[in-house]
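Shown next: coords.cif, given as mmCIF, C-alpha atoms and all ligand atoms.
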data_my_file
loop_
_atom_site.label_atom_id
_atom_site.label_comp_id
_atom_site.auth_asym_id
_atom_site.auth_seq_id
_atom_site.Cartn_x
_atom_site.Cartn_y
_atom_site.Cartn_z
CA MET A 20 89.20 131.72 72.46
CA MET A 21 91.45 131.72 75.54
CA PRO A 22 89.90 130.01 78.57
CA ALA A 23 88.81 132.38 81.34
CA ALA A 24 91.36 132.55 84.14
CA ASN A 25 90.66 131.19 87.60
CA PRO A 26 89.53 134.15 89.71
CA SER A 27 91.91 133.97 92.65
CA PRO A 28 95.14 131.93 92.84
CA PRO A 29 94.42 128.66 94.66
CA ASP A 30 96.75 127.73 97.52
CA LEU A 31 97.30 123.99 97.30
CA PRO A 32 98.95 121.95 94.51
CA GLU A 33 95.82 119.87 93.81
CA GLU A 34 93.72 123.04 93.60
CA ARG A 35 96.21 124.59 91.20
CA ALA A 36 96.23 121.48 89.01
CA LEU A 37 92.43 121.19 88.92
CA ALA A 38 91.98 124.92 88.36
CA GLN A 39 94.21 124.64 85.27
CA ALA A 40 92.41 121.55 84.01
CA LEU A 41 89.00 123.21 84.46
CA ALA A 42 90.14 126.41 82.75
CA ALA A 43 91.24 124.31 79.77
CA LEU A 44 87.71 122.87 79.50
CA ALA A 45 86.03 126.27 79.64
CA SER A 46 85.35 128.53 76.65
CA ASN A 47 82.68 131.02 75.62
CA GLY A 48 83.26 133.16 78.71
CA ILE A 49 82.63 130.33 81.18
CA ARG A 50 84.53 130.88 84.44
CA THR A 51 85.47 127.95 86.63
CA GLY A 52 87.03 127.45 90.04
CA CYS A 53 87.72 124.81 92.67
CA ARG A 54 88.45 124.52 96.37
CA LEU A 55 89.54 121.63 98.58
CA ILE A 56 86.80 121.46 101.20
CA ARG A 57 88.15 122.78 104.51
CA GLU A 58 87.01 122.59 108.12
CA GLY A 59 84.69 125.51 108.73
CA ASP A 60 83.64 125.98 105.08
CA GLU A 61 80.00 125.81 106.21
CA THR A 62 80.54 129.33 107.56
CA HIS A 63 80.76 130.53 103.94
CA LEU A 64 77.05 129.84 103.54
CA LEU A 65 75.20 133.16 103.78
CA PRO A 66 72.17 133.05 106.12
CA GLU A 67 69.65 132.80 103.26
CA GLU A 68 71.74 130.05 101.63
CA ALA A 69 71.88 128.10 104.90
CA ARG A 70 68.13 128.52 105.42
CA SER A 71 67.42 127.17 101.93
CA SER A 72 68.83 123.72 102.84
CA PRO A 73 68.27 123.40 106.59
CA ALA A 74 68.18 119.62 107.19
CA ARG A 75 71.54 118.63 105.77
CA GLN A 76 74.48 116.75 107.32
CA PRO A 77 77.50 118.83 108.45
CA ALA A 78 79.74 117.42 105.67
CA MET A 79 77.19 118.44 103.04
CA ARG A 80 76.85 121.94 104.50
CA ARG A 81 80.64 122.25 104.45
CA ALA A 82 80.76 121.15 100.79
CA SER A 83 77.94 123.54 99.84
CA GLY A 84 79.75 126.35 101.64
CA ALA A 85 82.97 125.61 99.75
CA ALA A 86 81.15 125.57 96.41
CA ARG A 87 79.43 128.88 97.16
CA TRP A 88 82.74 130.38 98.31
CA ILE A 89 84.04 129.68 94.80
CA ALA A 90 80.87 130.88 93.06
CA HIS A 91 80.81 134.16 94.98
CA ARG A 92 84.37 134.84 93.88
CA LEU A 93 83.64 133.97 90.26
CA LEU A 94 80.64 136.32 90.35
CA ALA A 95 82.70 139.07 91.98
CA ASP A 96 85.07 138.78 89.02
CA LEU A 97 82.06 139.57 86.82
CA GLY A 98 81.33 142.60 89.02
CA ILE A 99 78.42 140.89 90.80
CA LYS A 100 78.66 141.26 94.58
CA ASN A 101 76.34 140.93 97.57
CA VAL A 102 74.15 138.22 96.06
CA THR A 103 72.91 135.01 97.63
CA LEU A 104 72.84 131.61 95.93
CA PRO A 105 70.10 129.70 97.73
CA ARG A 106 68.91 126.21 96.82
CA ALA A 107 65.56 125.98 95.03
CA PRO A 108 63.16 123.20 96.12
CA SER A 109 64.42 121.22 93.09
CA GLY A 110 67.94 121.33 94.56
CA ALA A 111 69.21 123.61 91.79
CA PRO A 112 71.04 126.76 92.88
CA VAL A 113 69.28 130.06 92.19
CA TRP A 114 71.53 132.43 90.23
CA PRO A 115 71.21 136.21 89.88
CA ASP A 116 69.33 137.46 86.79
CA GLY A 117 71.44 137.16 83.66
CA ILE A 118 73.77 134.55 85.18
CA ILE A 119 73.97 130.81 84.66
CA GLY A 120 76.07 128.45 86.70
CA SER A 121 76.53 125.12 88.38
CA LEU A 122 78.05 123.66 91.55
CA ALA A 123 79.39 120.23 92.52
CA HIS A 124 81.40 118.55 95.22
CA ASP A 125 82.87 115.15 95.95
CA ASP A 126 84.07 114.18 99.44
CA ASP A 127 87.14 116.43 99.22
CA MET A 128 86.79 118.96 96.40
CA ALA A 129 84.19 121.57 95.43
CA VAL A 130 83.90 123.13 91.96
CA ALA A 131 81.79 125.84 90.37
CA ALA A 132 81.22 127.31 86.91
CA VAL A 133 79.44 130.55 86.01
CA ALA A 134 78.83 132.63 82.89
CA THR A 135 76.65 135.47 81.75
CA VAL A 136 73.68 134.31 79.68
CA GLY A 137 74.51 134.65 76.01
CA ARG A 138 75.60 132.05 73.52
CA ILE A 139 75.55 129.53 76.37
CA LEU A 140 72.06 129.03 77.82
CA SER A 141 72.84 126.69 80.71
CA LEU A 142 75.78 125.08 82.51
CA GLY A 143 76.45 121.89 84.44
CA ILE A 144 79.55 120.72 86.27
CA ASP A 145 80.58 117.62 88.20
CA VAL A 146 83.70 116.43 89.98
CA GLU A 147 84.66 112.92 91.05
CA PRO A 148 87.76 111.14 92.33
CA ALA A 149 89.87 109.69 89.49
CA LEU A 150 89.05 106.10 90.44
CA PRO A 151 87.22 103.33 88.60
CA LEU A 152 83.48 103.33 89.17
CA PRO A 153 82.40 100.39 91.39
CA ASP A 154 80.83 97.61 89.27
CA ASP A 155 77.37 97.87 90.84
CA ILE A 156 77.17 101.60 90.06
CA PHE A 157 78.66 101.06 86.57
CA GLY A 158 75.71 98.78 85.80
CA ILE A 159 73.24 101.53 86.72
CA VAL A 160 75.01 104.38 84.93
CA VAL A 161 76.24 102.96 81.63
CA THR A 162 73.90 101.95 78.79
CA ALA A 163 74.43 100.52 75.30
CA ALA A 164 73.87 104.01 73.86
CA ASP A 165 76.97 105.46 75.56
CA ARG A 166 80.25 105.81 73.63
CA THR A 167 83.50 106.15 75.58
CA GLY A 168 85.84 106.30 72.55
CA ALA A 169 89.42 107.16 73.47
CA ALA A 170 88.74 107.57 77.20
CA ASP A 171 90.95 105.59 79.61
CA PRO A 172 88.94 102.34 79.95
CA ARG A 173 89.74 102.20 83.69
CA LEU A 174 88.03 105.56 84.19
CA ALA A 175 85.40 105.42 81.44
CA GLY A 176 82.57 104.53 83.83
CA ARG A 177 83.54 107.32 86.21
CA ILE A 178 83.71 109.85 83.38
CA LEU A 179 80.26 108.77 82.14
CA PHE A 180 78.89 109.08 85.67
CA ALA A 181 80.22 112.63 86.02
CA ALA A 182 79.13 113.49 82.46
CA LYS A 183 75.53 112.40 83.10
CA GLU A 184 75.35 114.37 86.34
CA ALA A 185 76.79 117.48 84.65
CA VAL A 186 74.42 117.08 81.68
CA TYR A 187 71.47 116.70 84.04
CA LYS A 188 72.43 119.89 85.89
CA ALA A 189 72.66 121.78 82.57
CA ALA A 190 69.39 120.37 81.20
CA TYR A 191 67.24 120.64 84.34
CA PRO A 192 66.96 124.46 84.50
CA LEU A 193 65.77 124.50 80.87
CA ASP A 194 63.52 121.44 80.77
CA ARG A 195 62.46 120.95 84.43
CA GLU A 196 62.57 117.23 83.79
CA VAL A 197 64.02 114.74 86.30
CA LEU A 198 66.25 112.36 84.34
CA GLY A 199 67.83 109.04 85.21
CA TYR A 200 71.19 107.81 83.96
CA GLU A 201 69.35 105.73 81.34
CA ASP A 202 67.76 108.92 79.98
CA ILE A 203 71.10 110.45 78.89
CA ALA A 204 73.27 109.07 76.05
CA VAL A 205 76.87 110.31 76.08
CA ASN A 206 79.47 110.28 73.29
CA LEU A 207 82.74 111.29 74.93
CA ASP A 208 84.85 111.65 71.77
CA ALA A 209 82.16 113.83 70.16
CA GLY A 210 81.81 115.89 73.36
CA ARG A 211 78.09 115.53 73.05
CA ALA A 212 75.14 114.12 75.01
CA THR A 213 71.45 113.81 74.23
CA THR A 214 68.68 113.54 76.78
CA LYS A 215 65.47 111.57 76.35
CA THR A 216 63.70 114.92 75.91
CA GLY A 217 65.86 115.57 72.82
CA ARG A 218 68.04 118.19 74.49
CA GLY A 219 71.54 118.29 72.98
CA VAL A 220 74.30 119.14 75.45
CA SER A 221 78.00 119.78 74.73
CA LEU A 222 80.59 118.54 77.19
CA ALA A 223 84.30 118.48 77.93
CA TYR A 224 86.13 116.46 80.56
CA CYS A 225 89.45 115.99 82.32
CA VAL A 226 90.72 113.05 84.39
CA ALA A 227 93.61 114.60 86.34
CA PRO A 228 93.95 115.45 89.12
CA ARG A 229 90.24 114.49 89.30
CA VAL A 230 87.55 113.53 86.89
CA ALA A 231 85.61 116.70 86.12
CA VAL A 232 83.03 117.40 83.43
CA LEU A 233 81.75 120.73 82.18
CA ALA A 234 78.46 120.51 80.26
CA PHE A 235 76.79 123.37 78.43
CA VAL A 236 73.77 124.03 76.27
CA ARG A 237 74.44 126.32 73.33
CA GLU A 238 71.95 128.85 71.99
C1 LIG B 1 71.69 116.98 90.62
C2 LIG B 1 72.17 115.70 91.28
C3 LIG B 1 72.40 114.62 90.21
C4 LIG B 1 73.49 116.06 92.01
O1 LIG B 1 74.14 114.93 92.44
P1 LIG B 1 74.94 114.81 93.84
O2 LIG B 1 75.82 113.62 93.67
O3 LIG B 1 73.95 114.86 94.94
O4 LIG B 1 75.82 116.06 94.10
P2 LIG B 1 76.89 116.92 93.25
O5 LIG B 1 77.98 117.27 94.16
O6 LIG B 1 77.22 116.31 91.94
O7 LIG B 1 76.05 118.24 92.94
C5 LIG B 1 75.42 118.92 93.97
C6 LIG B 1 74.94 120.23 93.42
O8 LIG B 1 74.07 119.99 92.31
C7 LIG B 1 73.23 121.14 92.19
N1 LIG B 1 71.90 120.65 91.88
C8 LIG B 1 71.09 119.90 92.65
N2 LIG B 1 69.92 119.67 91.99
C9 LIG B 1 70.02 120.29 90.80
C10 LIG B 1 69.14 120.41 89.68
N3 LIG B 1 67.92 119.86 89.67
N4 LIG B 1 69.57 121.14 88.62
C11 LIG B 1 70.78 121.72 88.59
N5 LIG B 1 71.66 121.63 89.64
C12 LIG B 1 71.27 120.92 90.72
C13 LIG B 1 73.28 121.89 93.52
O9 LIG B 1 73.99 123.09 93.31
C14 LIG B 1 74.08 120.97 94.41
O10 LIG B 1 74.96 121.65 95.29
P3 LIG B 1 74.44 122.29 96.66
O11 LIG B 1 73.59 121.25 97.30
O12 LIG B 1 75.67 122.60 97.39
O13 LIG B 1 73.66 123.50 96.25
C15 LIG B 1 71.16 115.16 92.33
O14 LIG B 1 71.04 116.10 93.37
C16 LIG B 1 69.78 114.94 91.77
O15 LIG B 1 68.96 115.85 91.65
N6 LIG B 1 69.47 113.66 91.43
C17 LIG B 1 68.16 113.27 90.91
C18 LIG B 1 68.25 112.82 89.47
C19 LIG B 1 69.38 111.84 89.26
O16 LIG B 1 70.12 111.48 90.16
N7 LIG B 1 69.51 111.36 88.03
C20 LIG B 1 70.61 110.54 87.67
C21 LIG B 1 71.77 111.41 87.20
S1 LIG B 1 71.44 111.99 85.59
#
I'd like the structure from this file rewritten - as structure tokens, please.
Amino acid sequence: MMPAANPSPPDLPEERALAQALAALASNGIRTGCRLIREGDETHLLPEEARSSPARQPAMRRASGAARWIAHRLLADLGIKNVTLPRAPSGAPVWPDGIIGSLAHDDDMAVAAVATVGRILSLGIDVEPALPLPDDIFGIVVTAADRTGAADPRLAGRILFAAKEAVYKAAYPLDREVLGYEDIAVNLDAGRATTKTGRGVSLAYCVAPRVAVLAFVRE
């Protein structure tokens, strides 16, 4: 199946490159998008969205606004307009009925993925700079159960980090279980992860221009 197109043409070269990389990861009607976080992106938070996460730092509000800017456009492409995407007490975004999705941001870039509920039951996404994971974090994230296969060894820790966050975001709405890095085993070559609750999650990743992982639970 052809990947779904990015909804609106991004402006900047890094956005174009990441939009293409994300589209290549997506299948089964999943729509993806990205946006370099800009000054003033906090103004893209609708009032109910802003109220749902009141105590956050300005940079985080800006990143959340950028991610929702993307998500609102992806939803508009599906014909869904005038909806809000507040944060639930768990931190997970609340999607309109019949829609699944996920948001993420690093310091500079926001990403989003959405789909209509169907053969895919849940989605998770994460984005990270394409840099080696610091050793102290590597020790927390990576376990003996993880398999990095053909992944660039310099970036393997970073890819596993992003994969576990994306898998957690896909699993949480279904299982309502808080997981640690040690609770998720990832096999990058197989495109597969398993949580300690036995949930199987499919995943795909890219490393350029950023590390990004799309995780999804099939029917
Ligand atoms: C979900 C989580 C891992 C996100 O990590 P992060 O580095 O803070 O931020 P990211 O940019 O990757 O993602 C942020 C987005 O995740 C989404 N998110 C947060 N909690 C979520 C949850 N329980 N389920 C699904 N999505 C969630 C939100 O949309 C959030 O964006 P927003 O605040 O703009 O709405 C983190 O918020 C969390 O809940 N951690 C507790 C469990 C954990 O850390 N386990 C180890 C990793 S497996």
Residues near stretch 123-137 of chain A, anyone? I mean within 7 Å using all atoms listed in the file, not counting same-chain ones fewer than 6 positions away, as a list in words.
Gly48, Ile49, Arg50, Thr51, Gly52, Cys53, Arg54, Leu55, Ile56, Ala82, Ala85, Ala86, Ile89, Ala90, Leu93, Gly117, Ile144, Asp145, Val146 and Glu147 of chain A
Select the residues contacting ligand LIG 1 (chain B) at a distance of at most 9 Å, based on only C-alpha atoms and all ligand atoms, then format the selection as a count of residues only.
60
Just to confirm, what's the straight-line distance from atom CA of A:Arg166 to atom CA of A:Ala36 in Å (one decimal)?
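So the answer is 27.2 Å.
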Residue nearest A:Cys225 among A:Asp60, A:Asp171, A:Asp116, A:Asp194 (counting all atoms listed in the file):
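Comparing A:Asp60, A:Asp171, A:Asp116, A:Asp194 against A:Cys225, the winner is A:Asp171.
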Give the answer as one residue: which of A:Ala40, A:Ala95, A:Val230, A:Val220 has the shortest atom-to-atom distance to A:Pro148, using all atoms listed in the file?
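Closest residue, counting all atoms listed in the file: A:Val230.
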With distances taken over all atoms listed in the file, which of A:Glu34, A:Glu58, A:Asp208, A:Asp96 is nearest to A:Ala227?
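Using all atoms listed in the file, the shortest distance to A:Ala227 belongs to A:Glu34.
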What does the distance from atom CA of A:Ile139 to atom CA of A:Phe235 come to in Å, to one decimal?
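If I compute the distance from atom CA of A:Ile139 to atom CA of A:Phe235, I get 6.6 Å.
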Considering only C-alpha atoms, can you say which of A:Thr103, A:Ile118, A:Ser141, A:Ala204 comes closest to A:Ala163?
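Closest to A:Ala163, using only C-alpha atoms: A:Ala204.
Shell of A:Pro151 at 6 Å, with all atoms listed in the file counted and residues fewer than 2 places along the chain excluded, is Arg173, Leu174 and Arg177 of chain A.
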Taking C-alpha atoms for each residue, export the selection above as a PDB file, keeping the file's coordinate frame.
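Result file follows (again_15.pdb):
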ATOM      1  CA  ARG A 173      89.740 102.200  83.690  1.00  0.00           C
ATOM      2  CA  LEU A 174      88.030 105.560  84.190  1.00  0.00           C
ATOM      3  CA  ARG A 177      83.540 107.320  86.210  1.00  0.00           C
TER       4      ARG A 177
END
What is the distance, in Å and to one decimal place, between atom CA of A:Ala231 and atom CA of A:Gly168?
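Going from atom CA of A:Ala231 over to atom CA of A:Gly168 covers 17.1 Å.
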From the options A:Leu94, A:Val232, A:Arg218, A:Asn101, which residue's atoms come nearest to A:Ala149, counting all atoms listed in the file?
A:Val232
Would you mind telling me which residue in A:Ile99, A:Ile178, A:Leu152, A:Leu65 lies nearest to A:Val226 when using only C-alpha atoms?
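Distance minimum relative to A:Val226 lands on A:Ile178.
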